[in-house]
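Data first, discussion second: the structure below is written as structure tokens.
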Amino acid sequence: MINVLMFGPPGSGKGTQSVTLAEKYNFLHLSTGDMLRAELAAATELGKKMEAIMAAGELVPDDVVIAMIAHKIDTTTGRAGFVFDGFPRTVEQAEALEKMLEKRKMKIDLMLVLEVNDAELMDRMQKRAMVSGRADDADEAVINNRIAVYRAKTEPVIEYGRRAGVARIVNGVGTIDQIFARLCNHIETVL
Ligand code: ADP
């Protein structure tokens with residue numbers, strides 16, 4: 001099993017690329033954002049609790065996403081690996097993931113970090129707001145907060161990946177196909 005972490009700020013294209021990578025390599029695409037939005041849409045107890053946090057662009061508690069991921073890992077069969085999209089978003093989540101994988105005789109094989117400048121990010125997010133219908137995409141202050149939360153809490157995870165020797169910086173500006181090819185090149189090195 002190959003475990004790939006997709007990294008990058010909001011609007012960097014993680015979601016788009018993760019879906020296509022998962023298809024190509026028979027990985028399961030695990031997006032904590034999608035899982036949480038499904039809870040909201042189904043109006044579960046958890047979803048109701050998380051709604052305000054997500055709408056403000058803050059992070060939901062670590063234990064919530066860690067439990068969701070553990071459940072998915074344990075109930076998945078027939079895949080060549082996982083592509084984690086939007087998780088881990090804190091160093092605590094990264095440590096929890098590593099322990100979870102260790103227990104199951106797996107490890108983090110690769111961390112792909114999409115680099116995109118702030119002006120381009122803002123532009124993409126505003127365009128996405130018109131089609132995504134996501135409350136957290138519509139408001140510039142919320143977008144700015146998500147970027148700030150990313151810099152403060154999620155970027156340190158890259159250092160964690162660097163120390164583990166698995167981080168690879170990928171230019172996230174270009175056509176979707178160009179970026180996809182760059183990501184595939186890195187994945188081929190760990191297959
Ligand atoms: P983006 O497209 O901005 O990368 P996501 O779709 O991954 O955002 O997540 C949307 C929101 O869901 C986040 O702003 C956050 O509130 C919550 N969320 C998603 N993943 C996590 C996580 N791993 N830890 C905490 N909160 C999360």
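Each chain in the structure tokens gets a letter, A, B, ..., in the order shown, and its residues are numbered from 1; ligands are numbered from 1 in order too.
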
Subject >> Selection within 6 Å of ligand 1 by only C-alpha atoms and all ligand atoms, output as an MDAnalysis selection string >> reply: chainID A and resid 10 32:34 53:54 57:62 65 86:89

Output file for the selection above: N, CA, C and O atoms, as a PDB file, in the first residue's frame:
ATOM      1  N   PRO A  10      -5.337  26.406   0.368  1.00  0.00           N
ATOM      2  CA  PRO A  10      -6.665  26.360  -0.237  1.00  0.00           C
ATOM      3  C   PRO A  10      -6.599  26.953  -1.642  1.00  0.00           C
ATOM      4  O   PRO A  10      -6.007  28.012  -1.835  1.00  0.00           O
ATOM      5  N   THR A  32     -10.824  14.942   3.786  1.00  0.00           N
ATOM      6  CA  THR A  32     -11.543  15.240   5.033  1.00  0.00           C
ATOM      7  C   THR A  32     -12.563  16.356   4.801  1.00  0.00           C
ATOM      8  O   THR A  32     -13.621  16.357   5.413  1.00  0.00           O
ATOM      9  N   GLY A  33     -12.244  17.290   3.893  1.00  0.00           N
ATOM     10  CA  GLY A  33     -13.206  18.357   3.572  1.00  0.00           C
ATOM     11  C   GLY A  33     -14.492  17.762   2.990  1.00  0.00           C
ATOM     12  O   GLY A  33     -15.596  18.109   3.419  1.00  0.00           O
ATOM     13  N   ASP A  34     -14.350  16.843   2.038  1.00  0.00           N
ATOM     14  CA  ASP A  34     -15.533  16.193   1.439  1.00  0.00           C
ATOM     15  C   ASP A  34     -16.313  15.393   2.488  1.00  0.00           C
ATOM     16  O   ASP A  34     -17.541  15.414   2.504  1.00  0.00           O
ATOM     17  N   ILE A  53     -17.783  26.152  12.480  1.00  0.00           N
ATOM     18  CA  ILE A  53     -16.308  26.148  12.428  1.00  0.00           C
ATOM     19  C   ILE A  53     -15.855  26.214  10.966  1.00  0.00           C
ATOM     20  O   ILE A  53     -14.997  27.024  10.602  1.00  0.00           O
ATOM     21  N   MET A  54     -16.471  25.382  10.137  1.00  0.00           N
ATOM     22  CA  MET A  54     -16.078  25.336   8.730  1.00  0.00           C
ATOM     23  C   MET A  54     -16.443  26.625   7.999  1.00  0.00           C
ATOM     24  O   MET A  54     -15.669  27.115   7.181  1.00  0.00           O
ATOM     25  N   GLY A  57     -13.917  29.130   8.349  1.00  0.00           N
ATOM     26  CA  GLY A  57     -12.589  28.834   7.794  1.00  0.00           C
ATOM     27  C   GLY A  57     -11.609  28.361   8.840  1.00  0.00           C
ATOM     28  O   GLY A  57     -10.401  28.328   8.612  1.00  0.00           O
ATOM     29  N   GLU A  58     -12.138  27.970  10.017  1.00  0.00           N
ATOM     30  CA  GLU A  58     -11.268  27.427  11.079  1.00  0.00           C
ATOM     31  C   GLU A  58     -11.163  25.913  10.899  1.00  0.00           C
ATOM     32  O   GLU A  58     -11.912  25.313  10.127  1.00  0.00           O
ATOM     33  N   LEU A  59     -10.255  25.305  11.651  1.00  0.00           N
ATOM     34  CA  LEU A  59     -10.114  23.846  11.570  1.00  0.00           C
ATOM     35  C   LEU A  59     -11.034  23.176  12.580  1.00  0.00           C
ATOM     36  O   LEU A  59     -11.142  23.644  13.715  1.00  0.00           O
ATOM     37  N   VAL A  60     -11.642  22.074  12.187  1.00  0.00           N
ATOM     38  CA  VAL A  60     -12.424  21.292  13.140  1.00  0.00           C
ATOM     39  C   VAL A  60     -11.423  20.549  14.039  1.00  0.00           C
ATOM     40  O   VAL A  60     -10.250  20.419  13.687  1.00  0.00           O
ATOM     41  N   PRO A  61     -11.869  20.080  15.219  1.00  0.00           N
ATOM     42  CA  PRO A  61     -10.915  19.458  16.151  1.00  0.00           C
ATOM     43  C   PRO A  61     -10.196  18.237  15.546  1.00  0.00           C
ATOM     44  O   PRO A  61     -10.781  17.478  14.777  1.00  0.00           O
ATOM     45  N   ASP A  62      -8.930  18.084  15.928  1.00  0.00           N
ATOM     46  CA  ASP A  62      -8.106  16.986  15.414  1.00  0.00           C
ATOM     47  C   ASP A  62      -8.775  15.620  15.613  1.00  0.00           C
ATOM     48  O   ASP A  62      -8.774  14.790  14.702  1.00  0.00           O
ATOM     49  N   VAL A  65     -11.358  14.556  12.827  1.00  0.00           N
ATOM     50  CA  VAL A  65     -10.863  14.102  11.519  1.00  0.00           C
ATOM     51  C   VAL A  65     -10.019  12.830  11.644  1.00  0.00           C
ATOM     52  O   VAL A  65     -10.054  11.974  10.764  1.00  0.00           O
ATOM     53  N   GLY A  86      -6.140  17.163   2.122  1.00  0.00           N
ATOM     54  CA  GLY A  86      -6.639  18.027   3.197  1.00  0.00           C
ATOM     55  C   GLY A  86      -6.412  17.434   4.576  1.00  0.00           C
ATOM     56  O   GLY A  86      -6.951  17.930   5.566  1.00  0.00           O
ATOM     57  N   PHE A  87      -5.632  16.402   4.663  1.00  0.00           N
ATOM     58  CA  PHE A  87      -5.285  15.749   5.926  1.00  0.00           C
ATOM     59  C   PHE A  87      -3.885  15.165   5.764  1.00  0.00           C
ATOM     60  O   PHE A  87      -3.624  14.571   4.714  1.00  0.00           O
ATOM     61  N   PRO A  88      -2.981  15.291   6.718  1.00  0.00           N
ATOM     62  CA  PRO A  88      -3.084  16.026   7.976  1.00  0.00           C
ATOM     63  C   PRO A  88      -2.948  17.536   7.781  1.00  0.00           C
ATOM     64  O   PRO A  88      -2.203  17.982   6.924  1.00  0.00           O
ATOM     65  N   ARG A  89      -3.678  18.276   8.601  1.00  0.00           N
ATOM     66  CA  ARG A  89      -3.664  19.731   8.499  1.00  0.00           C
ATOM     67  C   ARG A  89      -2.988  20.367   9.693  1.00  0.00           C
ATOM     68  O   ARG A  89      -2.857  21.584   9.746  1.00  0.00           O
TER      69      ARG A  89
END

**OP:** Give me the residues within 12 Å of Ala67 (chain A) as JSON, numbers by chain, counting only C-alpha atoms and dropping any in the same chain fewer than 6 places off.
**Re:** {"A": [32, 35, 36, 46, 61, 73, 74, 87, 93, 96, 97, 100]}

Original post:
Hey, what does DSSP flag as helix (DSSP H, G or I) within region 11-141 of chain A? Can you give it to me as a ChimeraX atom specification?
Top reply: /A:14-25,32-41,45-55,62-74,91-103,118-132,135-138,140-141

Original post:
Leaving out region 125-140 of chain A and any residue of its chain fewer than 2 positions from it, which residues lie within 6 Å of it when counting only C-alpha atoms, given as a PyMOL selection string?
Top reply: chain A and resi 11+55+122-123+142-143

Those selected residues, please, written with N, CA and C atoms and delivered as a tab-separated table (two decimals), in the first residue's frame.
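This went into again_0.tsv:
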chain	number	residue	atom	x	y	z
A	11	GLY	N	-7.14	26.26	-2.60
A	11	GLY	CA	-7.14	26.76	-3.98
A	11	GLY	C	-5.93	26.30	-4.78
A	55	ALA	N	-17.60	27.16	8.32
A	55	ALA	CA	-18.04	28.39	7.65
A	55	ALA	C	-17.11	29.55	7.97
A	122	MET	N	-5.96	33.52	-4.78
A	122	MET	CA	-7.14	34.36	-4.59
A	122	MET	C	-8.01	34.32	-5.85
A	123	ASP	N	-7.37	34.43	-6.99
A	123	ASP	CA	-8.06	34.41	-8.26
A	123	ASP	C	-8.83	33.10	-8.46
A	142	VAL	N	-13.28	35.08	4.83
A	142	VAL	CA	-13.15	33.67	5.20
A	142	VAL	C	-12.01	33.01	4.41
A	143	ILE	N	-11.91	33.37	3.13
A	143	ILE	CA	-10.81	32.83	2.31
A	143	ILE	C	-9.47	33.24	2.91

Original post:
Thr175 (chain A): which residues within 12 Å, counting only C-alpha atoms, same-chain residues fewer than 4 positions away excluded, as a list of chain:residue names?
Top reply: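 Contacts, in chain order: A:Gly13, A:Thr16, A:Gln17, A:Asn171, A:Ile179, A:Phe180, A:Ala181, A:Arg182.
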